[in-house]
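So the structure is just underneath, and the comments pick up after that.
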Amino acid sequence: MTTTTTPLHRGYADLGGLMALMTGDEKHGPAATSTLDALWVLYDRVLRVSPDTVDAPDRDRFLLSKGHGPMAYYAVLAAKGFVPVDVLPGFGSYDSPLGHHPDRLLVPGAEIGSGSLGHGLPIAVGTALGLRAQGLTDPAVWVLVGDAELDEGSNHEAIAYAGPAGLDRLHVLVIDNSSASHARPGGLAARFEAAGWSTATVDGRDHEALHAAYTAPHPGRPHAVIARVEPKNATPAHATPAR
């Protein structure tokens with residue numbers, strides 16, 4: 001796929017229209033809309049990566065582990081010029097680069113191919129370790145996971161390792177739409193805190209709260225942001241516009 005480098009000047013208000021271009025079966029609409037605001041604030045105001053720097057060694061890395069229902073991700077990438085808008089209507093079709101799970105070889109800006117839930121956070125830990133080993137201390141590593149995904153044991157090993165390892169360039173964004181099978185005493189943040197992580201729990205539709213949580217200092221510790229949204233299959237609340 002050819003990247004688009006011309007500024008498109010699309011904003012948050014355009015995301016609904018971009019998502020509407022993607023039709024077909026297996027859309028996983030609630031899974032997509034649950035991530036929309038969190039993804040927008042991250043790409044619009046925090047991540048240091050652009051269509052021109054997708055291969056730069058000092059870029060920030062974003063890993064989408066919650067890869068089912070990726071329409072919000074594709075819409076944000078299109079709004080920011082990573083993918084051309086004219087490929088959106090082909091979403092999920094046989095010859096489209098935009099699959100039901102993103103493919104890192106076909107989607108510019110995608111750092112990993114998603115599929116089996118529970119793999120993104122361990123890969124993010126390895127990415128942070130690899131950057132540290134190369135002496136690249138500026139790039140931040142972000143991974144977006146779902147609350148139900150934290151039922152997977154591989155995530156708990158990654159959480160338990162990253163805290164004591166002091167991976168302070170590692171950031172986990174958890175979309176909490178009350179779909180996890182196993183309740184956690186103290187909430188999702190408590191699991192991270194027990195392993196020495198910094199945490200913040202916020203309204204996942206409030207752009208200012210998300211930005212404050214994303215940019216909160218956490219020296220010497222990895223950081224987890226728990227973004228609470230409406231339960232799966234509920235109607236999304238009105239989002240607070242980005243400023």
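Letters for chains follow the order of the structure tokens (A, B, ...), residue numbers begin at 1 for each chain, and ligand numbers begin at 1 in the order shown.
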When DSSP works through the backbone of this structure, what residues of chain A end up as strand (DSSP E or B), shown as a ChimeraX atom specification? /A:61-64,141-146,170-176,198-203,206,223-228,240
Export of the given selection (N, CA, C and O atoms) as a compact mmCIF listing (two decimals), in the first residue's frame:
# COMPACT_ATOMS: atom_id res chain seq x y z
N ARG A 61 6.39 3.57 19.14
CA ARG A 61 5.77 2.36 18.61
C ARG A 61 4.38 2.17 19.23
O ARG A 61 4.23 2.26 20.45
N PHE A 62 3.39 1.92 18.37
CA PHE A 62 2.05 1.59 18.84
C PHE A 62 1.69 0.20 18.35
O PHE A 62 1.72 -0.09 17.16
N LEU A 63 1.34 -0.68 19.28
CA LEU A 63 1.00 -2.06 18.97
C LEU A 63 -0.48 -2.29 19.31
O LEU A 63 -0.89 -2.09 20.46
N LEU A 64 -1.25 -2.69 18.31
CA LEU A 64 -2.66 -2.97 18.53
C LEU A 64 -2.83 -4.45 18.81
O LEU A 64 -2.78 -5.28 17.91
N VAL A 141 6.82 3.02 23.86
CA VAL A 141 6.11 1.84 23.34
C VAL A 141 4.72 1.83 23.96
O VAL A 141 4.58 1.84 25.18
N TRP A 142 3.72 1.82 23.11
CA TRP A 142 2.33 1.78 23.55
C TRP A 142 1.68 0.52 23.01
O TRP A 142 1.90 0.15 21.86
N VAL A 143 0.86 -0.13 23.82
CA VAL A 143 0.10 -1.29 23.36
C VAL A 143 -1.34 -1.15 23.87
O VAL A 143 -1.56 -0.79 25.02
N LEU A 144 -2.30 -1.37 22.97
CA LEU A 144 -3.72 -1.30 23.34
C LEU A 144 -4.26 -2.71 23.49
O LEU A 144 -4.16 -3.52 22.55
N VAL A 145 -4.82 -3.00 24.65
CA VAL A 145 -5.40 -4.32 24.92
C VAL A 145 -6.84 -4.14 25.41
O VAL A 145 -7.24 -3.05 25.83
N GLY A 146 -7.61 -5.21 25.34
CA GLY A 146 -8.96 -5.20 25.88
C GLY A 146 -8.99 -5.80 27.27
O GLY A 146 -8.09 -6.55 27.66
N LEU A 170 7.46 1.80 28.52
CA LEU A 170 6.34 0.93 28.17
C LEU A 170 5.04 1.48 28.72
O LEU A 170 4.95 1.83 29.90
N HIS A 171 4.02 1.54 27.86
CA HIS A 171 2.70 2.04 28.25
C HIS A 171 1.64 1.07 27.75
O HIS A 171 1.67 0.65 26.59
N VAL A 172 0.71 0.74 28.62
CA VAL A 172 -0.39 -0.14 28.26
C VAL A 172 -1.69 0.64 28.37
O VAL A 172 -1.96 1.29 29.39
N LEU A 173 -2.49 0.59 27.32
CA LEU A 173 -3.80 1.20 27.30
C LEU A 173 -4.84 0.08 27.30
O LEU A 173 -4.92 -0.70 26.35
N VAL A 174 -5.59 -0.02 28.39
CA VAL A 174 -6.60 -1.07 28.52
C VAL A 174 -7.98 -0.46 28.28
O VAL A 174 -8.38 0.47 28.99
N ILE A 175 -8.70 -0.98 27.30
CA ILE A 175 -10.08 -0.56 27.06
C ILE A 175 -10.98 -1.45 27.90
O ILE A 175 -11.10 -2.66 27.65
N ASP A 176 -11.61 -0.87 28.90
CA ASP A 176 -12.43 -1.62 29.84
C ASP A 176 -13.91 -1.41 29.50
O ASP A 176 -14.50 -0.40 29.86
N SER A 198 2.91 2.16 37.40
CA SER A 198 2.13 3.37 37.59
C SER A 198 0.81 3.18 36.85
O SER A 198 0.78 2.55 35.78
N THR A 199 -0.29 3.69 37.40
CA THR A 199 -1.60 3.50 36.75
C THR A 199 -2.44 4.76 36.81
O THR A 199 -2.23 5.64 37.64
N ALA A 200 -3.40 4.81 35.89
CA ALA A 200 -4.43 5.85 35.90
C ALA A 200 -5.69 5.23 35.33
O ALA A 200 -5.64 4.52 34.32
N THR A 201 -6.83 5.48 35.97
CA THR A 201 -8.11 4.99 35.49
C THR A 201 -8.98 6.19 35.14
O THR A 201 -9.19 7.08 35.98
N VAL A 202 -9.46 6.24 33.90
CA VAL A 202 -10.17 7.43 33.42
C VAL A 202 -11.38 7.05 32.59
O VAL A 202 -11.55 5.89 32.18
N ASP A 203 -12.21 8.04 32.32
CA ASP A 203 -13.33 7.91 31.40
C ASP A 203 -12.76 7.82 29.98
O ASP A 203 -12.12 8.75 29.50
N ASP A 206 -13.50 10.76 27.53
CA ASP A 206 -13.11 12.13 27.91
C ASP A 206 -11.70 12.40 27.38
O ASP A 206 -10.72 11.88 27.92
N HIS A 223 3.72 2.21 32.67
CA HIS A 223 2.49 2.95 32.96
C HIS A 223 1.30 2.28 32.30
O HIS A 223 1.36 1.92 31.11
N ALA A 224 0.22 2.09 33.05
CA ALA A 224 -1.01 1.51 32.51
C ALA A 224 -2.14 2.51 32.65
O ALA A 224 -2.36 3.07 33.72
N VAL A 225 -2.86 2.74 31.55
CA VAL A 225 -4.04 3.60 31.55
C VAL A 225 -5.26 2.72 31.33
O VAL A 225 -5.36 2.02 30.31
N ILE A 226 -6.17 2.73 32.28
CA ILE A 226 -7.41 1.98 32.17
C ILE A 226 -8.49 2.94 31.69
O ILE A 226 -8.87 3.87 32.41
N ALA A 227 -8.97 2.75 30.47
CA ALA A 227 -9.98 3.64 29.87
C ALA A 227 -11.33 2.95 29.94
O ALA A 227 -11.60 1.99 29.20
N ARG A 228 -12.17 3.43 30.82
CA ARG A 228 -13.50 2.84 31.00
C ARG A 228 -14.48 3.40 29.99
O ARG A 228 -14.62 4.63 29.86
N THR A 240 -16.10 13.87 24.71
CA THR A 240 -15.63 15.24 24.91
C THR A 240 -14.67 15.58 23.78
O THR A 240 -13.67 14.90 23.62
Calculate how many Å separate atom CA of Tyr74 of chain A from atom CA of Gly126 of chain A, rounding to one decimal.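 Distance between the two atoms: 24.9 Å.
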Taking the chain letters and numbering used in this document, name the residues of segment 25-89 of chain A that DSSP puts in helix (DSSP H, G or I), as a VMD selection string. chain A and resid 29 to 33 36 to 45 71 to 79 85 to 89
